[in-house]
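Asks: structure-v3.cif is reproduced in full below (mmCIF, C-alpha atoms).
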```cif
data_entry
#
loop_
_atom_site.label_atom_id
_atom_site.label_comp_id
_atom_site.auth_asym_id
_atom_site.auth_seq_id
_atom_site.Cartn_x
_atom_site.Cartn_y
_atom_site.Cartn_z
CA MET A 1 15.04 -0.73 -10.14
CA GLN A 2 11.32 -0.04 -10.21
CA ASN A 3 10.03 2.29 -12.88
CA SER A 4 8.73 5.58 -11.50
CA ARG A 5 5.00 5.34 -10.98
CA VAL A 6 2.78 7.98 -12.57
CA VAL A 7 0.53 9.59 -9.97
CA ASN A 8 -2.88 10.73 -11.22
CA PRO A 9 -2.99 14.52 -10.64
CA ALA A 10 -6.75 14.28 -10.03
CA HIS A 11 -6.15 11.96 -7.08
CA ARG A 12 -5.05 12.78 -3.56
CA SER A 13 -1.63 11.33 -2.84
CA ILE A 14 -0.69 10.06 0.60
CA ALA A 15 2.12 8.03 2.11
CA THR A 16 2.08 5.62 5.02
CA ILE A 17 5.12 4.89 7.18
CA GLY A 18 5.38 1.75 9.28
CA GLY A 19 5.71 -1.99 9.16
CA GLY A 20 4.26 -5.20 10.56
CA SER A 21 0.59 -5.96 11.12
CA GLY A 22 -0.24 -2.34 11.96
CA GLN A 23 0.55 -1.16 8.45
CA PHE A 24 -1.37 -4.13 7.05
CA VAL A 25 -4.50 -2.95 8.90
CA LEU A 26 -3.99 0.66 7.78
CA LEU A 27 -3.48 -0.23 4.12
CA SER A 28 -6.47 -2.57 4.22
CA ALA A 29 -8.54 0.40 5.44
CA LEU A 30 -7.21 2.65 2.65
CA ARG A 31 -7.32 0.16 -0.21
CA ASP A 32 -10.86 0.87 -1.42
CA ALA A 33 -10.82 4.64 -0.97
CA GLU A 34 -11.72 6.45 -4.18
CA ASN A 35 -9.31 8.86 -5.90
CA LEU A 36 -6.49 8.06 -3.52
CA ASP A 37 -2.91 7.21 -4.51
CA VAL A 38 -1.20 5.33 -1.68
CA SER A 39 2.55 4.89 -1.29
CA ALA A 40 3.46 2.53 1.57
CA ILE A 41 6.95 3.15 2.99
CA VAL A 42 8.07 0.02 4.80
CA SER A 43 10.69 -0.66 7.45
CA MET A 44 13.46 -3.08 6.46
CA THR A 45 14.60 -4.28 9.89
CA ASP A 46 12.28 -7.29 10.47
CA SER A 47 14.40 -10.18 11.73
CA GLY A 48 11.95 -12.73 13.10
CA GLY A 49 10.39 -15.97 11.84
CA SER A 50 10.60 -16.94 8.19
CA THR A 51 11.86 -13.47 7.31
CA GLY A 52 14.74 -13.72 9.78
CA ARG A 53 15.78 -17.14 8.49
CA LEU A 54 15.81 -15.92 4.89
CA ARG A 55 17.89 -12.89 5.92
CA ASP A 56 20.42 -15.13 7.68
CA GLU A 57 20.57 -17.95 5.13
CA LEU A 58 20.40 -16.00 1.86
CA GLY A 59 21.56 -12.53 2.91
CA ILE A 60 18.44 -10.91 1.48
CA LEU A 61 16.35 -7.96 2.58
CA PRO A 62 13.40 -8.93 4.83
CA PRO A 63 10.34 -9.82 2.71
CA GLY A 64 7.72 -10.31 5.45
CA ASP A 65 6.42 -6.76 6.02
CA ILE A 66 6.57 -6.02 2.29
CA LEU A 67 4.42 -9.10 1.64
CA LYS A 68 1.82 -7.92 4.18
CA CYS A 69 1.58 -4.56 2.40
CA ILE A 70 1.18 -6.21 -1.01
CA LEU A 71 -1.62 -8.40 0.32
CA ALA A 72 -3.36 -5.45 2.00
CA LEU A 73 -3.48 -3.40 -1.23
CA SER A 74 -4.54 -6.28 -3.46
CA PRO A 75 -8.18 -6.71 -4.53
CA HIS A 76 -7.48 -10.46 -4.35
CA ARG A 77 -6.46 -10.17 -0.71
CA ASP A 78 -8.57 -12.99 0.75
CA MET A 79 -7.54 -15.56 -1.84
CA ALA A 80 -3.92 -14.41 -1.86
CA ARG A 81 -3.64 -14.52 1.94
CA LYS A 82 -4.74 -18.15 2.05
CA LEU A 83 -2.16 -19.08 -0.55
CA LEU A 84 0.81 -16.82 0.16
CA LEU A 85 0.68 -16.94 3.98
CA LYS A 86 0.50 -20.74 3.96
CA ARG A 87 3.65 -22.22 5.49
CA PHE A 88 5.52 -25.25 4.23
CA THR A 89 5.55 -28.25 6.57
CA GLY A 90 7.34 -31.00 4.62
CA ASN A 91 10.88 -30.41 3.44
CA GLN A 92 13.16 -29.52 6.37
CA ARG A 93 14.76 -26.58 4.54
CA LEU A 94 11.39 -25.12 3.52
CA ARG A 95 9.59 -25.90 6.78
CA GLY A 96 8.21 -22.78 8.46
CA HIS A 97 8.67 -20.49 5.46
CA SER A 98 5.59 -18.84 3.96
CA ALA A 99 4.92 -19.30 0.26
CA GLY A 100 4.75 -15.52 -0.21
CA ASN A 101 8.15 -14.90 1.38
CA MET A 102 9.71 -17.55 -0.84
CA LEU A 103 8.02 -16.17 -3.97
CA LEU A 104 9.13 -12.59 -3.25
CA THR A 105 12.66 -13.83 -2.52
CA MET A 106 12.88 -15.75 -5.79
CA LEU A 107 11.44 -12.85 -7.82
CA SER A 108 14.01 -10.52 -6.26
CA GLN A 109 16.94 -12.84 -6.86
CA TYR A 110 15.91 -13.68 -10.42
CA SER A 111 15.36 -10.03 -11.38
CA GLY A 112 18.51 -8.94 -9.54
CA SER A 113 16.68 -6.27 -7.54
CA PHE A 114 14.54 -6.37 -4.42
CA SER A 115 12.49 -3.40 -5.62
CA THR A 116 11.83 -5.10 -8.98
CA GLY A 117 10.73 -8.24 -7.15
CA ILE A 118 8.26 -6.15 -5.15
CA GLU A 119 6.92 -4.56 -8.32
CA ALA A 120 6.53 -7.96 -10.01
CA LEU A 121 4.54 -9.48 -7.13
CA ALA A 122 2.45 -6.31 -6.85
CA GLN A 123 1.67 -6.53 -10.56
CA LEU A 124 0.72 -10.20 -10.22
CA LEU A 125 -1.79 -9.34 -7.48
CA ASP A 126 -3.15 -6.14 -9.14
CA VAL A 127 -2.04 -3.98 -6.22
CA ARG A 128 -3.65 -0.53 -5.98
CA GLY A 129 -0.83 1.73 -4.89
CA GLU A 130 2.89 1.19 -4.47
CA ILE A 131 5.09 -0.40 -1.85
CA LEU A 132 8.48 1.20 -1.23
CA PRO A 133 11.21 -0.28 0.98
CA VAL A 134 12.61 2.61 3.00
CA THR A 135 16.08 1.37 2.03
CA THR A 136 17.58 -1.47 0.02
CA ASP A 137 20.68 -1.55 2.21
CA LYS A 138 20.92 -4.29 4.80
CA SER A 139 21.06 -3.15 8.42
CA THR A 140 20.38 -4.22 12.00
CA LEU A 141 18.20 -2.31 14.43
CA VAL A 142 19.87 -1.72 17.81
CA ALA A 143 18.16 -0.53 20.99
CA GLN A 144 20.13 1.11 23.78
CA LEU A 145 18.47 0.74 27.17
CA THR A 146 18.55 3.22 30.04
CA ASN A 147 21.19 1.11 31.82
CA GLY A 148 23.49 1.22 28.78
CA GLU A 149 22.76 -2.33 27.62
CA GLN A 150 22.35 -2.78 23.86
CA ILE A 151 19.93 -5.20 22.20
CA PHE A 152 20.61 -6.21 18.61
CA GLY A 153 17.87 -7.12 16.14
CA GLU A 154 14.21 -6.22 15.74
CA SER A 155 12.96 -9.59 17.00
CA ALA A 156 15.08 -9.42 20.19
CA ILE A 157 13.85 -5.88 20.89
CA ASP A 158 10.27 -6.86 20.12
CA VAL A 159 10.12 -9.85 22.47
CA PRO A 160 11.99 -9.14 25.72
CA ARG A 161 13.35 -12.05 27.72
CA GLY A 162 12.50 -12.36 31.40
CA ASN A 163 10.16 -10.33 33.57
CA GLN A 164 12.20 -7.16 33.82
CA ARG A 165 13.91 -4.92 31.32
CA GLN A 166 15.10 -1.34 31.34
CA LYS A 167 13.29 1.15 29.17
CA ILE A 168 14.53 1.98 25.67
CA ALA A 169 16.59 5.18 25.65
CA ASN A 170 17.52 5.25 21.97
CA VAL A 171 17.44 3.17 18.80
CA PHE A 172 19.76 3.28 15.79
CA LEU A 173 20.67 1.32 12.66
CA VAL A 174 23.97 -0.46 12.04
CA PRO A 175 24.74 -1.00 8.33
CA HIS A 176 26.03 -4.43 7.26
CA HIS A 177 28.23 -3.74 4.26
CA SER A 178 28.96 -0.01 4.13
CA ASP A 179 29.64 3.01 6.28
CA GLN A 180 26.11 4.31 5.99
CA ILE A 181 22.59 3.41 4.91
CA THR A 182 21.03 5.14 1.92
CA VAL A 183 17.35 5.82 1.48
CA PHE A 184 15.49 4.30 -1.46
CA PRO A 185 15.26 7.36 -3.77
CA ARG A 186 11.56 7.09 -4.54
CA VAL A 187 10.78 7.43 -0.83
CA ILE A 188 12.13 10.99 -0.82
CA GLU A 189 10.37 11.72 -4.12
CA ARG A 190 7.03 10.64 -2.67
CA LEU A 191 7.44 12.51 0.62
CA ARG A 192 7.95 15.69 -1.41
CA GLN A 193 4.75 15.10 -3.39
CA VAL A 194 2.13 13.74 -1.02
CA LYS A 195 -0.53 15.79 0.76
CA ALA A 196 -0.58 13.66 3.89
CA VAL A 197 1.69 11.17 5.66
CA ILE A 198 0.17 8.61 8.04
CA LEU A 199 2.44 7.12 10.71
CA GLY A 200 1.30 4.03 12.60
CA PRO A 201 -0.35 2.15 14.02
CA GLY A 202 2.42 -0.25 14.97
CA ASP A 203 5.22 -0.87 17.43
CA LEU A 204 6.85 2.50 18.02
CA TYR A 205 10.50 1.42 18.21
CA THR A 206 10.47 -1.59 15.87
CA SER A 207 7.97 -0.69 13.13
CA ILE A 208 7.69 3.11 12.84
CA ILE A 209 10.92 4.70 14.08
CA PRO A 210 13.27 2.44 12.03
CA ASN A 211 11.99 4.22 8.92
CA LEU A 212 12.91 7.59 10.44
CA LEU A 213 16.47 6.42 11.16
CA VAL A 214 17.31 6.05 7.48
CA PRO A 215 19.26 9.17 6.42
CA GLY A 216 17.11 11.54 4.38
CA VAL A 217 13.68 10.46 5.66
CA ARG A 218 13.68 12.73 8.73
CA GLU A 219 14.87 15.68 6.63
CA ALA A 220 12.27 15.02 3.92
CA LEU A 221 9.47 14.98 6.50
CA GLN A 222 10.70 18.24 8.02
CA LYS A 223 10.63 19.96 4.62
CA SER A 224 7.46 18.33 3.33
CA PRO A 225 4.23 20.38 3.22
CA ALA A 226 2.34 17.14 3.91
CA LYS A 227 0.09 16.92 6.93
CA LEU A 228 1.44 14.41 9.45
CA ILE A 229 -1.23 12.11 10.87
CA TYR A 230 -0.39 9.73 13.71
CA ILE A 231 -2.64 6.75 14.40
CA SER A 232 -2.06 5.88 18.02
CA ASN A 233 -1.58 2.35 19.26
CA ILE A 234 -4.42 0.99 21.35
CA MET A 235 -2.20 -0.79 23.87
CA THR A 236 1.25 -0.32 25.37
CA LYS A 237 3.86 -3.06 24.96
CA PHE A 238 6.13 -4.48 27.64
CA GLY A 239 9.80 -3.84 26.93
CA GLU A 240 9.06 -1.03 24.50
CA THR A 241 6.34 1.36 25.63
CA ASP A 242 5.12 0.09 29.00
CA GLY A 243 3.84 3.00 31.06
CA TYR A 244 3.56 5.31 28.02
CA THR A 245 0.66 7.73 27.71
CA LEU A 246 -0.50 9.02 24.33
CA GLU A 247 1.61 12.11 25.01
CA SER A 248 4.66 9.86 25.47
CA PHE A 249 4.13 8.18 22.10
CA VAL A 250 3.76 11.53 20.34
CA SER A 251 6.78 13.07 22.09
CA ILE A 252 9.10 10.18 21.16
CA LEU A 253 7.85 10.14 17.59
CA GLU A 254 8.38 13.88 17.21
CA HIS A 255 11.88 13.56 18.64
CA TYR A 256 12.87 11.22 15.80
CA ILE A 257 11.07 13.26 13.13
CA GLY A 258 12.25 16.66 14.33
CA ARG A 259 8.82 18.10 13.59
CA SER A 260 5.40 18.11 15.22
CA VAL A 261 2.62 15.87 14.04
CA ASP A 262 -0.56 17.68 13.05
CA CYS A 263 -3.35 15.21 13.75
CA ILE A 264 -3.73 12.30 16.17
CA ILE A 265 -6.27 9.53 15.56
CA TYR A 266 -7.10 7.88 18.86
CA ASN A 267 -9.28 4.93 19.84
CA ASN A 268 -11.60 5.84 22.71
CA ALA A 269 -13.36 2.47 23.04
CA THR A 270 -12.55 -0.01 25.80
CA ALA A 271 -12.06 -3.74 25.28
CA SER A 272 -13.88 -6.29 27.42
CA GLU A 273 -12.56 -6.96 30.91
CA GLU A 274 -11.83 -10.57 29.97
CA THR A 275 -9.67 -9.48 27.03
CA LEU A 276 -7.89 -6.81 29.09
CA LYS A 277 -7.14 -9.39 31.77
CA ASN A 278 -5.20 -11.46 29.23
CA TYR A 279 -3.26 -8.39 28.14
CA ARG A 280 -2.40 -7.45 31.72
CA LYS A 281 -0.65 -10.82 32.02
CA GLN A 282 1.64 -9.57 29.23
CA ARG A 283 2.05 -6.22 31.03
CA SER A 284 0.16 -4.47 28.24
CA MET A 285 -2.25 -1.67 29.13
CA PRO A 286 -4.58 0.66 27.18
CA VAL A 287 -2.94 3.84 25.93
CA LYS A 288 -4.45 6.72 27.92
CA ILE A 289 -4.38 10.49 27.48
CA ALA A 290 -2.73 12.15 30.50
CA ASN A 291 -4.11 15.67 29.93
CA HIS A 292 -6.75 15.84 27.22
CA LYS A 293 -7.31 19.59 27.45
CA LYS A 294 -3.61 20.38 27.12
CA LEU A 295 -3.12 17.92 24.26
CA ALA A 296 -6.06 19.37 22.33
CA LYS A 297 -4.46 22.84 22.43
CA HIS A 298 -1.55 21.62 20.34
CA TYR A 299 -3.01 18.91 18.11
CA GLU A 300 -6.10 18.07 16.13
CA ILE A 301 -7.44 14.95 17.86
CA VAL A 302 -9.86 12.61 16.10
CA GLU A 303 -11.42 10.22 18.61
CA ALA A 304 -13.62 7.27 17.73
CA ASP A 305 -14.39 3.66 18.50
CA LEU A 306 -11.76 1.95 16.34
CA LEU A 307 -11.61 -1.31 18.27
CA GLU A 308 -11.87 -4.79 16.80
CA GLN A 309 -14.25 -6.37 19.30
CA ASP A 310 -14.73 -9.99 18.33
CA SER A 311 -11.33 -11.65 17.92
CA GLY A 312 -9.99 -11.52 21.49
CA ILE A 313 -7.01 -9.63 20.05
CA ILE A 314 -6.95 -5.88 20.64
CA ARG A 315 -6.30 -4.15 17.35
CA HIS A 316 -7.82 -1.58 15.00
CA ASN A 317 -10.90 -2.63 13.09
CA VAL A 318 -10.34 -2.18 9.35
CA GLU A 319 -13.89 -1.00 8.57
CA LYS A 320 -14.05 1.45 11.49
CA LEU A 321 -10.66 2.89 10.56
CA ALA A 322 -11.77 3.24 6.94
CA ASN A 323 -14.91 5.09 8.05
CA ILE A 324 -12.72 7.67 9.80
CA LEU A 325 -9.94 7.96 7.22
CA HIS A 326 -11.89 8.07 3.94
CA PRO A 327 -13.93 11.23 4.64
CA TYR A 328 -10.99 12.86 6.43
CA LEU A 329 -8.63 12.35 3.49
CA GLU A 330 -11.30 13.47 1.03
CA ASP A 331 -11.68 16.80 2.85
CA ASP A 332 -9.41 19.22 0.98
CA GLU A 333 -9.90 21.86 3.67
CA LYS A 334 -8.56 19.62 6.42
CA ILE A 335 -5.55 18.45 4.44
CA ALA A 336 -4.80 21.90 3.02
CA SER A 337 -4.58 23.41 6.49
CA ARG A 338 -1.05 22.07 6.94
CA VAL A 339 0.03 23.50 3.59
CA ARG A 340 -1.20 26.95 4.66
CA GLN A 341 0.63 26.67 8.00
CA THR A 342 3.85 25.66 6.25
CA LYS A 343 3.69 28.55 3.79
CA ALA A 344 2.70 31.09 6.43
#
```
Have the structure of the file written as structure tokens, please.
Replies:
Amino acid sequence: MQNSRVVNPAHRSIATIGGGSGQFVLLSALRDAENLDVSAIVSMTDSGGSTGRLRDELGILPPGDILKCILALSPHRDMARKLLLKRFTGNQRLRGHSAGNMLLTMLSQYSGSFSTGIEALAQLLDVRGEILPVTTDKSTLVAQLTNGEQIFGESAIDVPRGNQRQKIANVFLVPHHSDQITVFPRVIERLRQVKAVILGPGDLYTSIIPNLLVPGVREALQKSPAKLIYISNIMTKFGETDGYTLESFVSILEHYIGRSVDCIIYNNATASEETLKNYRKQRSMPVKIANHKKLAKHYEIVEADLLEQDSGIIRHNVEKLANILHPYLEDDEKIASRVRQTKA
């Protein structure tokens, strides 16, 4: 078990909730912020690629999203990414696995604890902040579609087969070895302490909501005085959120939290027509606001150009996101507003 981390009382404490590449971008944007203690709460339902094979072959918790968070919060990120994301190509058993996934797996098995393995790798890479698995119980994410069909596993939900699929009506977790899933205790401890919680960006049903399905997380967020900040996705995703407006994303998220978010960070820049054309082939469209005036009555909306323009991949730009988040999180008046509302 990880030792409890001492949080500097002079620092602002925040938590992030998510998984996948979206949380990597967010943590990369937060890493160099001054006087900020970051606790990354990470989904444990990843079942694709190297991570999925290790889950199946060794019965371990998924290391992939945890590894991304460790790399994002490390000052040695560039060097570590080249080394730890490199995949083996020789030995048939090792082929396709990343060096980082294998290292985290071995550290966890040798220490006898997944959380201790995380702490060891974080220490090795001088991570600024902490990475907390939302649970250390093994489980499978299940999506129930509007026609009653059920899809098992994060990777199957994430990549739909065929050209048509019903919309997702509900998602839930199925435990592997017990009647229920238990939350990693330090997650609840942090959610009680932090001044702000940032959800997203990331796939709504496979990266963000799985954290909220773990018993205790939803309740902790409802009771927490922390300000809830949602970073909206830039694009919809076929099979998960096709046809969703920003209001749809927020409504679904609030349904699983059982509480309103306070602030929405929204990209208002538009990608090039050539890039959008490629996304349309995947049935992915920009996330639009249906009724801006109505939305602004209920939420604080921070709009800015947050788009990564040069890669051909539509995602949040780390530097642009940092330029929005750093001054916002340093503003005691903005963050304290939620505390006043909660106590009122």
Asks: Range 136-147 of chain A: which residues within 7 Å, counting all atoms listed in the file, same-chain residues fewer than 6 positions away excluded, as a list in words?
Replies: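 Listing them by chain and then by number gives Thr45, Leu61, Gly153, Glu154, Ile157, Gln166, Lys167, Ile168, Ala169, Asn170, Val171, Phe172, Leu173, Val174, Pro175, His176, Ile181, Thr182 and Phe184 of chain A.
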Asks: What is the distance, in Å and to one decimal place, between CA of Gly129 in chain A and CA of His326 in chain A?
Replies: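 According to the coordinates, CA of Gly129 in chain A and CA of His326 in chain A are separated by 15.5 Å.
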Asks: Measuring atom to atom with only C-alpha atoms, identify which of A:Ser43, A:Ser113, A:Ser178, A:Asn268 is nearest to Ile234 in chain A.
Replies: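 Going through A:Ser43, A:Ser113, A:Ser178, A:Asn268 one by one, the smallest distance to Ile234 in chain A is for A:Asn268.
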Asks: Set out as CSV a contact list for range 65-158 of chain A and range 23-38 of chain A with a cut-off of 10 Å, giving each residue of range 65-158 of chain A that qualifies its closest atom pair and distance in Å to one decimal, counting only C-alpha atoms, ordered by chain and rising residue number.
Replies:
```
residue,atom,partner,partner_atom,distance
A:Asp65,CA,A:Phe24,CA,8.3
A:Ile66,CA,A:Phe24,CA,9.4
A:Leu67,CA,A:Phe24,CA,9.4
A:Lys68,CA,A:Phe24,CA,5.7
A:Cys69,CA,A:Phe24,CA,5.5
A:Ile70,CA,A:Phe24,CA,8.7
A:Leu71,CA,A:Phe24,CA,8.0
A:Ala72,CA,A:Ser28,CA,4.8
A:Leu73,CA,A:Arg31,CA,5.3
A:Ser74,CA,A:Arg31,CA,7.7
A:Pro75,CA,A:Arg31,CA,8.2
A:Arg77,CA,A:Ser28,CA,9.1
A:Val127,CA,A:Arg31,CA,9.0
A:Arg128,CA,A:Arg31,CA,6.9
A:Gly129,CA,A:Val38,CA,4.8
A:Glu130,CA,A:Val38,CA,6.5
A:Ile131,CA,A:Val38,CA,8.5
```
Asks: Suppose you want the space between CA of Tyr244 in chain A and CA of Asp310 in chain A; what is it in Å?
Replies: 25.7 Å
Asks: For Ile257 in chain A, which residue out of A:Arg280, A:Lys223, A:His292, A:His11 is the nearest one, using only C-alpha atoms?
Replies: A:Lys223
Asks: Go through the shown structure with the PyMOL selection byres ((chain A and resi 16-18) around 6) and write out the matching residues as a ChimeraX atom specification.
Replies: /A:15,19,23,40-42,197-200,207-208
Asks: Give me the residues within 8 Å of range 273-276 of chain A as a short mmCIF file (atom, residue, chain, number, x, y, z; two decimals) with C-alpha atoms, in the coordinates of the input, counting all atoms listed in the file and dropping any in the same chain fewer than 6 places off.
Replies:
```cif
data_model
loop_
_atom_site.label_atom_id
_atom_site.label_comp_id
_atom_site.auth_asym_id
_atom_site.auth_seq_id
_atom_site.Cartn_x
_atom_site.Cartn_y
_atom_site.Cartn_z
CA MET A 285 -2.25 -1.67 29.13
CA GLY A 312 -9.99 -11.52 21.49
CA ILE A 313 -7.01 -9.63 20.05
CA ILE A 314 -6.95 -5.88 20.64
#
```
Asks: Please provide as a PyMOL selection string all residues within 12 Å of Phe249 in chain A, with the sequence filter that same-chain residues fewer than 5 positions apart are discarded (counting only C-alpha atoms).
Replies: chain A and resi 199-205+208-209+230-237+240-244+254-256+261+264+266+287-290
Asks: For the selection you just gave me, I'd like the residues written to a file as a PDB file, in the coordinates of the input, keeping C-alpha atoms.
Replies:
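What ended up in result-v9.pdb:
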```pdb
ATOM      1  CA  LEU A 199       2.440   7.120  10.710  1.00  0.00           C
ATOM      2  CA  GLY A 200       1.300   4.030  12.600  1.00  0.00           C
ATOM      3  CA  PRO A 201      -0.350   2.150  14.020  1.00  0.00           C
ATOM      4  CA  GLY A 202       2.420  -0.250  14.970  1.00  0.00           C
ATOM      5  CA  ASP A 203       5.220  -0.870  17.430  1.00  0.00           C
ATOM      6  CA  LEU A 204       6.850   2.500  18.020  1.00  0.00           C
ATOM      7  CA  TYR A 205      10.500   1.420  18.210  1.00  0.00           C
ATOM      8  CA  ILE A 208       7.690   3.110  12.840  1.00  0.00           C
ATOM      9  CA  ILE A 209      10.920   4.700  14.080  1.00  0.00           C
ATOM     10  CA  TYR A 230      -0.390   9.730  13.710  1.00  0.00           C
ATOM     11  CA  ILE A 231      -2.640   6.750  14.400  1.00  0.00           C
ATOM     12  CA  SER A 232      -2.060   5.880  18.020  1.00  0.00           C
ATOM     13  CA  ASN A 233      -1.580   2.350  19.260  1.00  0.00           C
ATOM     14  CA  ILE A 234      -4.420   0.990  21.350  1.00  0.00           C
ATOM     15  CA  MET A 235      -2.200  -0.790  23.870  1.00  0.00           C
ATOM     16  CA  THR A 236       1.250  -0.320  25.370  1.00  0.00           C
ATOM     17  CA  LYS A 237       3.860  -3.060  24.960  1.00  0.00           C
ATOM     18  CA  GLU A 240       9.060  -1.030  24.500  1.00  0.00           C
ATOM     19  CA  THR A 241       6.340   1.360  25.630  1.00  0.00           C
ATOM     20  CA  ASP A 242       5.120   0.090  29.000  1.00  0.00           C
ATOM     21  CA  GLY A 243       3.840   3.000  31.060  1.00  0.00           C
ATOM     22  CA  TYR A 244       3.560   5.310  28.020  1.00  0.00           C
ATOM     23  CA  GLU A 254       8.380  13.880  17.210  1.00  0.00           C
ATOM     24  CA  HIS A 255      11.880  13.560  18.640  1.00  0.00           C
ATOM     25  CA  TYR A 256      12.870  11.220  15.800  1.00  0.00           C
ATOM     26  CA  VAL A 261       2.620  15.870  14.040  1.00  0.00           C
ATOM     27  CA  ILE A 264      -3.730  12.300  16.170  1.00  0.00           C
ATOM     28  CA  TYR A 266      -7.100   7.880  18.860  1.00  0.00           C
ATOM     29  CA  VAL A 287      -2.940   3.840  25.930  1.00  0.00           C
ATOM     30  CA  LYS A 288      -4.450   6.720  27.920  1.00  0.00           C
ATOM     31  CA  ILE A 289      -4.380  10.490  27.480  1.00  0.00           C
ATOM     32  CA  ALA A 290      -2.730  12.150  30.500  1.00  0.00           C
TER      33      ALA A 290
END
```
Asks: Using only C-alpha atoms, find the one residue out of A:Gly22, A:Pro225, A:Pro286, A:Pro185 that sits nearest to Leu321 in chain A.
Replies: A:Gly22
Asks: Please measure the separation of CA of Ala304 in chain A and CA of Ala196 in chain A, giving the value in Å to one decimal.
Replies: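 Between these atoms lies a distance of 20.1 Å.
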Asks: A:Lys320, A:Arg192, A:Lys227, A:Arg93: which is nearest Asp262 in chain A, counting all atoms listed in the file?
Replies: A:Lys227
Asks: Find the residue from A:Lys334, A:Ala269, A:Arg218, A:Pro327 that sits nearest to Leu191 in chain A; use only C-alpha atoms when measuring.
Replies: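 Smallest distance to Leu191 in chain A is found for A:Arg218.
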